[in-house]
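One file, coords01.cif, carrying mmCIF, C-alpha atoms; chains and numbers go by the auth columns:
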```cif
data_run
#
loop_
_atom_site.group_PDB
_atom_site.id
_atom_site.type_symbol
_atom_site.label_atom_id
_atom_site.label_comp_id
_atom_site.label_asym_id
_atom_site.label_seq_id
_atom_site.Cartn_x
_atom_site.Cartn_y
_atom_site.Cartn_z
_atom_site.B_iso_or_equiv
_atom_site.auth_seq_id
_atom_site.auth_asym_id
ATOM 1 C CA MET A 1 109.166 86.958 104.204 0.00 1 R
ATOM 2 C CA ASN A 2 112.359 84.951 103.753 0.00 2 R
ATOM 3 C CA HIS A 3 114.977 86.540 106.027 0.00 3 R
ATOM 4 C CA VAL A 4 118.588 85.530 106.461 0.00 4 R
ATOM 5 C CA LYS A 5 118.813 83.761 109.823 0.00 5 R
ATOM 6 C CA GLU A 6 122.577 84.023 110.230 0.00 6 R
ATOM 7 C CA CYS A 7 124.958 86.756 109.129 0.00 7 R
ATOM 8 C CA PRO A 8 127.275 85.506 106.347 0.00 8 R
ATOM 9 C CA ARG A 9 130.123 87.642 107.714 0.00 9 R
ATOM 10 C CA CYS A 10 130.136 87.044 111.498 0.00 10 R
ATOM 11 C CA GLU A 11 127.403 84.398 112.004 0.00 11 R
ATOM 12 C CA GLY A 12 125.412 86.832 114.180 0.00 12 R
ATOM 13 C CA THR A 13 121.685 86.199 114.547 0.00 13 R
ATOM 14 C CA ASP A 14 120.333 89.631 115.560 0.00 14 R
ATOM 15 C CA PHE A 15 119.160 91.899 112.735 0.00 15 R
ATOM 16 C CA ALA A 16 117.483 95.286 112.373 0.00 16 R
ATOM 17 C CA GLU A 17 116.002 97.323 109.519 0.00 17 R
ATOM 18 C CA GLY A 18 116.538 100.955 108.654 0.00 18 R
ATOM 19 C CA THR A 19 116.527 103.477 105.838 0.00 19 R
ATOM 20 C CA ASP A 20 118.848 106.268 104.745 0.00 20 R
ATOM 21 C CA PHE A 21 115.850 108.457 103.782 0.00 21 R
ATOM 22 C CA MET A 22 117.162 108.775 100.228 0.00 22 R
ATOM 23 C CA ALA A 23 114.379 107.761 97.861 0.00 23 R
ATOM 24 C CA ILE A 24 115.095 105.593 94.852 0.00 24 R
ATOM 25 C CA LYS A 25 113.388 107.137 91.798 0.00 25 R
ATOM 26 C CA PRO A 26 112.458 105.897 88.332 0.00 26 R
ATOM 27 C CA LEU A 27 115.011 106.970 85.714 0.00 27 R
ATOM 28 C CA ASN A 28 112.392 108.158 83.238 0.00 28 R
ATOM 29 C CA LYS A 29 110.339 110.302 85.674 0.00 29 R
ATOM 30 C CA LYS A 30 112.304 113.301 86.960 0.00 30 R
ATOM 31 C CA LEU A 31 109.629 114.617 89.347 0.00 31 R
ATOM 32 C CA SER A 32 108.502 111.258 90.703 0.00 32 R
ATOM 33 C CA ALA A 33 108.305 110.862 94.494 0.00 33 R
ATOM 34 C CA GLY A 34 110.050 107.480 94.397 0.00 34 R
ATOM 35 C CA SER A 35 110.276 105.034 97.291 0.00 35 R
ATOM 36 C CA LEU A 36 112.533 104.476 100.303 0.00 36 R
ATOM 37 C CA LYS A 37 115.144 101.719 100.374 0.00 37 R
ATOM 38 C CA ILE A 38 114.910 99.439 103.406 0.00 38 R
ATOM 39 C CA TYR A 39 118.177 97.895 104.598 0.00 39 R
ATOM 40 C CA ARG A 40 118.303 94.750 106.763 0.00 40 R
ATOM 41 C CA PHE A 41 121.613 94.489 108.611 0.00 41 R
ATOM 42 C CA CYS A 42 123.421 92.493 111.281 0.00 42 R
ATOM 43 C CA LEU A 43 123.519 94.172 114.692 0.00 43 R
ATOM 44 C CA SER A 44 126.864 92.544 115.512 0.00 44 R
ATOM 45 C CA CYS A 45 129.008 93.623 112.550 0.00 45 R
ATOM 46 C CA GLY A 46 126.781 95.893 110.412 0.00 46 R
ATOM 47 C CA GLU A 47 126.790 93.653 107.328 0.00 47 R
ATOM 48 C CA VAL A 48 123.833 94.519 105.065 0.00 48 R
ATOM 49 C CA VAL A 49 122.086 91.250 104.231 0.00 49 R
ATOM 50 C CA SER A 50 119.269 92.658 102.082 0.00 50 R
ATOM 51 C CA ILE A 51 118.003 95.825 100.437 0.00 51 R
ATOM 52 C CA ARG A 52 114.406 96.225 99.290 0.00 52 R
ATOM 53 C CA VAL A 53 112.239 99.012 97.893 0.00 53 R
ATOM 54 C CA GLU A 54 109.415 100.002 100.252 0.00 54 R
ATOM 55 C CA ASN A 55 106.826 100.707 97.512 0.00 55 R
ATOM 56 C CA PRO A 56 107.788 98.862 94.303 0.00 56 R
ATOM 57 C CA GLY A 57 104.394 99.678 92.770 0.00 57 R
ATOM 58 C CA LYS A 58 105.575 103.256 92.172 0.00 58 R
ATOM 59 C CA PHE A 59 107.814 101.911 89.409 0.00 59 R
ATOM 60 C CA ARG A 60 105.049 100.296 87.323 0.00 60 R
ATOM 61 C CA SER A 61 104.501 101.836 83.905 0.00 61 R
ATOM 62 C CA TRP A 62 100.973 103.098 83.301 0.00 62 R
#
```
This entry written out as structure tokens:
Amino acid sequence: MNHVKECPRCEGTDFAEGTDFMAIKPLNKKLSAGSLKIYRFCLSCGEVVSIRVENPGKFRSW
């Protein structure tokens, strides 16, 4: 995994990951369970350096 090693805002080097527990859902599937968004952020200033979808496979068309 290619992580940012230094915060672009404050040059901090300590990061953590968290979620807001709001699932991202496919637009065309109203009852789909979706997937959590995972945020990687600087522990010094709170700058979000990346956002990723936990289970991107849920968005594949069958």
Considering all atoms listed in the file, return as a CSV table (one decimal) with C-alpha atoms, in the coordinates of the input whatever protein or nucleic-acid residues lie within 9 Å of Glu17 (chain R), sequence-local ones (same chain, fewer than 5 positions apart) excluded.
```csv
chain,number,residue,atom,x,y,z
R,38,ILE,CA,114.9,99.4,103.4
R,39,TYR,CA,118.2,97.9,104.6
R,40,ARG,CA,118.3,94.8,106.8
R,41,PHE,CA,121.6,94.5,108.6
```
Would you kindly return, as a list of chain:residue names, each protein, DNA or RNA residue with an atom no farther than 12 Å from any atom of Ala16 (chain R), considering all atoms listed in the file and excluding same-chain residues fewer than 5 positions away? R:His3, R:Val4, R:Lys5, R:Cys7, R:Ile38, R:Tyr39, R:Arg40, R:Phe41, R:Cys42, R:Leu43, R:Ser44, R:Cys45, R:Gly46, R:Glu47, R:Val48, R:Val49, R:Ser50, R:Ile51
Evaluated on this file, the PyMOL selection byres ((chain R and resi 34) around 12) picks out some residues - which ones are they, written as an NGL selection string? :R and (21-33 or 35-37 or 53-60)
Once 6 Å is added on each side, what are the centre and the three edge lengths, in Å to one decimal, of the axis-aligned box enclosing the listed atoms of region 7-11 of chain R? Present them as JSON.
```
{"center_x": 127.5, "center_y": 86.0, "center_z": 109.2, "size_x": 17.2, "size_y": 15.2, "size_z": 17.7}
```
Reconstruct region 30-54 of chain R at the level of N, CA and C atoms, and format the result as a JSON list (two decimals), in the frame of the given file.
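New file part_6.json:
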```
[["chain", "number", "residue", "atom", "x", "y", "z"],
["R", 30, "LYS", "N", 111.48, 112.40, 86.17],
["R", 30, "LYS", "CA", 112.30, 113.30, 86.96],
["R", 30, "LYS", "C", 111.62, 113.83, 88.21],
["R", 31, "LEU", "N", 110.32, 114.04, 88.20],
["R", 31, "LEU", "CA", 109.63, 114.62, 89.35],
["R", 31, "LEU", "C", 108.89, 113.59, 90.19],
["R", 32, "SER", "N", 109.17, 112.32, 89.96],
["R", 32, "SER", "CA", 108.50, 111.26, 90.70],
["R", 32, "SER", "C", 108.94, 111.25, 92.17],
["R", 33, "ALA", "N", 108.02, 110.90, 93.07],
["R", 33, "ALA", "CA", 108.30, 110.86, 94.49],
["R", 33, "ALA", "C", 109.23, 109.71, 94.86],
["R", 34, "GLY", "N", 109.19, 108.63, 94.12],
["R", 34, "GLY", "CA", 110.05, 107.48, 94.40],
["R", 34, "GLY", "C", 109.62, 106.70, 95.62],
["R", 35, "SER", "N", 110.55, 105.90, 96.16],
["R", 35, "SER", "CA", 110.28, 105.03, 97.29],
["R", 35, "SER", "C", 111.54, 104.86, 98.12],
["R", 36, "LEU", "N", 111.38, 104.68, 99.43],
["R", 36, "LEU", "CA", 112.53, 104.48, 100.30],
["R", 36, "LEU", "C", 113.14, 103.09, 100.09],
["R", 37, "LYS", "N", 114.44, 103.00, 100.35],
["R", 37, "LYS", "CA", 115.14, 101.72, 100.37],
["R", 37, "LYS", "C", 115.19, 101.27, 101.83],
["R", 38, "ILE", "N", 114.88, 100.00, 102.06],
["R", 38, "ILE", "CA", 114.91, 99.44, 103.41],
["R", 38, "ILE", "C", 116.10, 98.47, 103.47],
["R", 39, "TYR", "N", 116.99, 98.72, 104.41],
["R", 39, "TYR", "CA", 118.18, 97.90, 104.60],
["R", 39, "TYR", "C", 117.96, 96.98, 105.80],
["R", 40, "ARG", "N", 118.30, 95.70, 105.65],
["R", 40, "ARG", "CA", 118.30, 94.75, 106.76],
["R", 40, "ARG", "C", 119.77, 94.44, 107.04],
["R", 41, "PHE", "N", 120.19, 94.62, 108.30],
["R", 41, "PHE", "CA", 121.61, 94.49, 108.61],
["R", 41, "PHE", "C", 121.83, 93.79, 109.95],
["R", 42, "CYS", "N", 123.01, 93.21, 110.08],
["R", 42, "CYS", "CA", 123.42, 92.49, 111.28],
["R", 42, "CYS", "C", 123.77, 93.50, 112.37],
["R", 43, "LEU", "N", 123.23, 93.28, 113.57],
["R", 43, "LEU", "CA", 123.52, 94.17, 114.69],
["R", 43, "LEU", "C", 124.90, 93.93, 115.31],
["R", 44, "SER", "N", 125.53, 92.83, 114.98],
["R", 44, "SER", "CA", 126.86, 92.54, 115.51],
["R", 44, "SER", "C", 127.97, 93.22, 114.70],
["R", 45, "CYS", "N", 127.91, 93.11, 113.38],
["R", 45, "CYS", "CA", 129.01, 93.62, 112.55],
["R", 45, "CYS", "C", 128.58, 94.69, 111.54],
["R", 46, "GLY", "N", 127.26, 94.88, 111.34],
["R", 46, "GLY", "CA", 126.78, 95.89, 110.41],
["R", 46, "GLY", "C", 126.64, 95.43, 108.98],
["R", 47, "GLU", "N", 126.92, 94.18, 108.69],
["R", 47, "GLU", "CA", 126.79, 93.65, 107.33],
["R", 47, "GLU", "C", 125.34, 93.80, 106.85],
["R", 48, "VAL", "N", 125.16, 94.40, 105.66],
["R", 48, "VAL", "CA", 123.83, 94.52, 105.06],
["R", 48, "VAL", "C", 123.52, 93.20, 104.37],
["R", 49, "VAL", "N", 122.43, 92.55, 104.79],
["R", 49, "VAL", "CA", 122.09, 91.25, 104.23],
["R", 49, "VAL", "C", 120.98, 91.33, 103.19],
["R", 50, "SER", "N", 120.26, 92.48, 103.14],
["R", 50, "SER", "CA", 119.27, 92.66, 102.08],
["R", 50, "SER", "C", 118.92, 94.14, 101.95],
["R", 51, "ILE", "N", 118.51, 94.49, 100.74],
["R", 51, "ILE", "CA", 118.00, 95.82, 100.44],
["R", 51, "ILE", "C", 116.72, 95.63, 99.65],
["R", 52, "ARG", "N", 115.65, 96.33, 100.05],
["R", 52, "ARG", "CA", 114.41, 96.22, 99.29],
["R", 52, "ARG", "C", 113.81, 97.62, 99.13],
["R", 53, "VAL", "N", 112.94, 97.76, 98.15],
["R", 53, "VAL", "CA", 112.24, 99.01, 97.89],
["R", 53, "VAL", "C", 110.92, 98.95, 98.65],
["R", 54, "GLU", "N", 110.62, 99.99, 99.42],
["R", 54, "GLU", "CA", 109.42, 100.00, 100.25],
["R", 54, "GLU", "C", 108.13, 99.91, 99.43]]
```
